[in-house]
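Below: the structure, in structure tokens.
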Amino acid sequence: MRMTVMKPLSPARLKEVRPDLKAMIVGRIDALVGQGWFDAMAEIARFLPVEAVSHFIGLPDVGRERLLAWAAAAFNAIGPDQDPADVVSVREAFAFMASLSEDKVRDGSWAGDLFVAARTGRLSMAEAMAALSAYVIPSLDTTILAKGHLLANLARHPEQWAMLRARPEMIPAAVLEAVRRDSVLRWFARVAVRDHDVDGVVVPEGARVMLLYGCANRDERRYADPDRFDITRDARDHLAWGTGPHMCAGMNLARIEMEVLLEALVEAGVTLEAGNPVISANRGLYGFEALPLRIERG
Ligand code: HEM
């Protein structure tokens, strides 16, 4: 099932769509340069996931607002003490997915390929539905919020931005450093299948364990001065997309979306200035609801 989900998200397949993503974001940045203050979450961060990624998934038009609301509700509903409104929203998302069939989704799209896999017996229909939710739920807010952190970090550190403009080959490293310093996924949980000794603390079999990705990524035993945003740092082993057999299936897409954004900004020859963000109140995700930003030539 994971192999089927990963198929359109492999580096080779994503290479095909990279030029289109780049062209779209170049057009968007061009329109924003010199326009004064705007909300970077609405105008930049949400742009590619909402315009391009929802097209790749290939769902019939459900309204972008609903897709974004479903994703936010799913992450807000993890853990105890759920808000009933989020549970209603998540149920609505799953009812919508269950109402789909091969003829209702775009041919050749990610969802289309899942229905073909179900028809040809490579997946059961239940697996295809679970795989569809793996595209619909975690593909939007995660990368949207990560782009907010990327822009805010670079705007707040003009010396790092200047370094990146002079050395664009550092763009992939800058993306990883932003994902490390401000990890979007606050936490997921696991259940220990046996007693496990972590630095002298025994986690007993059956215990539920919270994995705090952001905390691991600011572990001073691994990263010197971990709160510092530093694009020269080697952050390749960060844990923001998890690790092991369930490591994020969409990380290559997330990286490309962020890389083409930085390429577009570097090529536009601009300076960045950020105002105070509004932090979004989501139990599963850490990011901004709004981020004032100004992009000027210079
Ligand atoms: C910056 C953006 C993103 C971050 C920080 C992120 C983070 C994560 C994390 C922490 C996990 C859990 C890993 C684990 O359990 O060990 C995960 C799993 C997953 N992510 Fe992402 N993600 C991002 C973007 C995406 C995108 C764009 C997609 C889809 C296109 C996606 C799809 C998935 C899926 C399907 C899983 C479950 C994989 C499995 O259980 O085998 N993610 N992600």
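Just remember, in the structure tokens the first chain shown is A, the second B, etc., residues are 1-based per chain, and ligands are 1-based in the order shown.
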
Show me a table, sorted first by chain and then by increasing residue number, of the residues of chain A having an atom at most 7 Å from ligand 1, each with its shortest atom pair and the distance in Å to one decimal, counting only C-alpha atoms and all ligand atoms and written as a tab-separated table.
residue	atom	partner	partner_atom_place_in_ligand_line	distance
A:Arg2	CA	ligand 1	41 (O)	6.0
A:Leu9	CA	ligand 1	30 (C)	6.9
A:Ala134	CA	ligand 1	35 (C)	4.1
A:Tyr135	CA	ligand 1	29 (C)	5.0
A:Pro138	CA	ligand 1	31 (C)	4.7
A:Ser139	CA	ligand 1	27 (C)	3.7
A:Leu140	CA	ligand 1	27 (C)	6.3
A:Thr142	CA	ligand 1	2 (C)	4.3
A:Thr143	CA	ligand 1	2 (C)	4.1
A:Ala146	CA	ligand 1	1 (C)	5.0
A:Val179	CA	ligand 1	1 (C)	6.4
A:Ser183	CA	ligand 1	5 (C)	6.1
A:Val184	CA	ligand 1	5 (C)	5.0
A:Leu185	CA	ligand 1	10 (C)	5.5
A:Phe188	CA	ligand 1	15 (O)	6.8
A:Tyr213	CA	ligand 1	10 (C)	6.9
A:Ala240	CA	ligand 1	5 (C)	5.1
A:Trp241	CA	ligand 1	10 (C)	3.8
A:Gly242	CA	ligand 1	16 (O)	3.7
A:Thr243	CA	ligand 1	16 (O)	4.7
A:Gly244	CA	ligand 1	16 (O)	6.0
A:Pro245	CA	ligand 1	41 (O)	6.3
A:His246	CA	ligand 1	41 (O)	3.5
A:Met247	CA	ligand 1	13 (C)	4.1
A:Cys248	CA	ligand 1	18 (C)	3.5
A:Ala249	CA	ligand 1	33 (C)	4.4
A:Gly250	CA	ligand 1	28 (C)	3.4
A:Met251	CA	ligand 1	24 (C)	5.2
A:Leu253	CA	ligand 1	27 (C)	5.5
A:Ala254	CA	ligand 1	27 (C)	4.8

Can I get the selected residues back with C-alpha atoms, as a PDB file, in the first residue's frame?
ATOM      1  CA  ARG A   2       2.785   2.411   0.874  1.00  0.00           C
ATOM      2  CA  LEU A   9       5.720  11.037  -4.845  1.00  0.00           C
ATOM      3  CA  ALA A 134      -2.955   9.780   2.832  1.00  0.00           C
ATOM      4  CA  TYR A 135      -3.021  12.244  -0.086  1.00  0.00           C
ATOM      5  CA  PRO A 138      -1.391  15.415   5.114  1.00  0.00           C
ATOM      6  CA  SER A 139      -0.448  17.074   1.803  1.00  0.00           C
ATOM      7  CA  LEU A 140      -1.703  20.613   2.392  1.00  0.00           C
ATOM      8  CA  THR A 142       2.083  20.552   6.469  1.00  0.00           C
ATOM      9  CA  THR A 143       3.817  22.162   3.512  1.00  0.00           C
ATOM     10  CA  ALA A 146       6.557  24.804   6.609  1.00  0.00           C
ATOM     11  CA  VAL A 179      12.087  22.235   8.582  1.00  0.00           C
ATOM     12  CA  SER A 183       9.024  21.396  12.929  1.00  0.00           C
ATOM     13  CA  VAL A 184       5.467  21.522  11.680  1.00  0.00           C
ATOM     14  CA  LEU A 185       4.282  18.204  13.100  1.00  0.00           C
ATOM     15  CA  PHE A 188       2.454  11.675  16.753  1.00  0.00           C
ATOM     16  CA  TYR A 213       9.553  15.981  16.609  1.00  0.00           C
ATOM     17  CA  ALA A 240      10.693  16.556  11.171  1.00  0.00           C
ATOM     18  CA  TRP A 241       9.389  13.931   8.742  1.00  0.00           C
ATOM     19  CA  GLY A 242       9.817  11.103  11.216  1.00  0.00           C
ATOM     20  CA  THR A 243      12.087   8.151  10.581  1.00  0.00           C
ATOM     21  CA  GLY A 244      11.857   4.424   9.841  1.00  0.00           C
ATOM     22  CA  PRO A 245       9.268   2.520   7.819  1.00  0.00           C
ATOM     23  CA  HIS A 246       6.575   5.203   8.202  1.00  0.00           C
ATOM     24  CA  MET A 247       8.755   8.173   7.405  1.00  0.00           C
ATOM     25  CA  CYS A 248       6.798  10.912   5.634  1.00  0.00           C
ATOM     26  CA  ALA A 249       5.637   9.728   2.213  1.00  0.00           C
ATOM     27  CA  GLY A 250       5.370  13.260   0.861  1.00  0.00           C
ATOM     28  CA  MET A 251       8.709  14.733   1.941  1.00  0.00           C
ATOM     29  CA  LEU A 253       7.083  16.930  -2.725  1.00  0.00           C
ATOM     30  CA  ALA A 254       7.377  19.177   0.328  1.00  0.00           C
TER      31      ALA A 254
END

Per residue of segment 190-227 of chain A within 12 Å of segment 282-297 of chain A, which atom pair is closest and at what distance in Å (one decimal), using only C-alpha atoms, listed by chain and increasing number, as a tab-separated table?
residue	atom	partner	partner_atom	distance
A:Met210	CA	A:Gly284	CA	11.7
A:Leu211	CA	A:Gly284	CA	11.6
A:Leu212	CA	A:Gly284	CA	10.5
A:Tyr213	CA	A:Leu285	CA	10.8
A:Gly214	CA	A:Tyr286	CA	9.2

(request) Using only C-alpha atoms, find the one residue out of A:Ile256, A:Ala192, A:Ala117, A:Val87 that sits nearest to Pro49 of chain A. (result)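 Of all the options, A:Ile256 lies closest to Pro49 of chain A.
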
(request) From a DSSP calculation on the backbone, collect every residue of segment 156-259 of chain A in strand (DSSP E or B) and output the set as a ChimeraX atom specification. (result) /A:185,187-191,196-198,201-203,208-212

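The smallest atom-to-atom distance between Phe56 of chain A and any of A:Glu273, A:Glu263, A:Asp113, A:Asp230, using only C-alpha atoms, is found for A:Asp113.
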
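Each of A:Asp225, A:Asp197, A:Asp30, A:Asp20 was compared to Ala52 of chain A using only C-alpha atoms, and A:Asp20 turns out to be the nearest.
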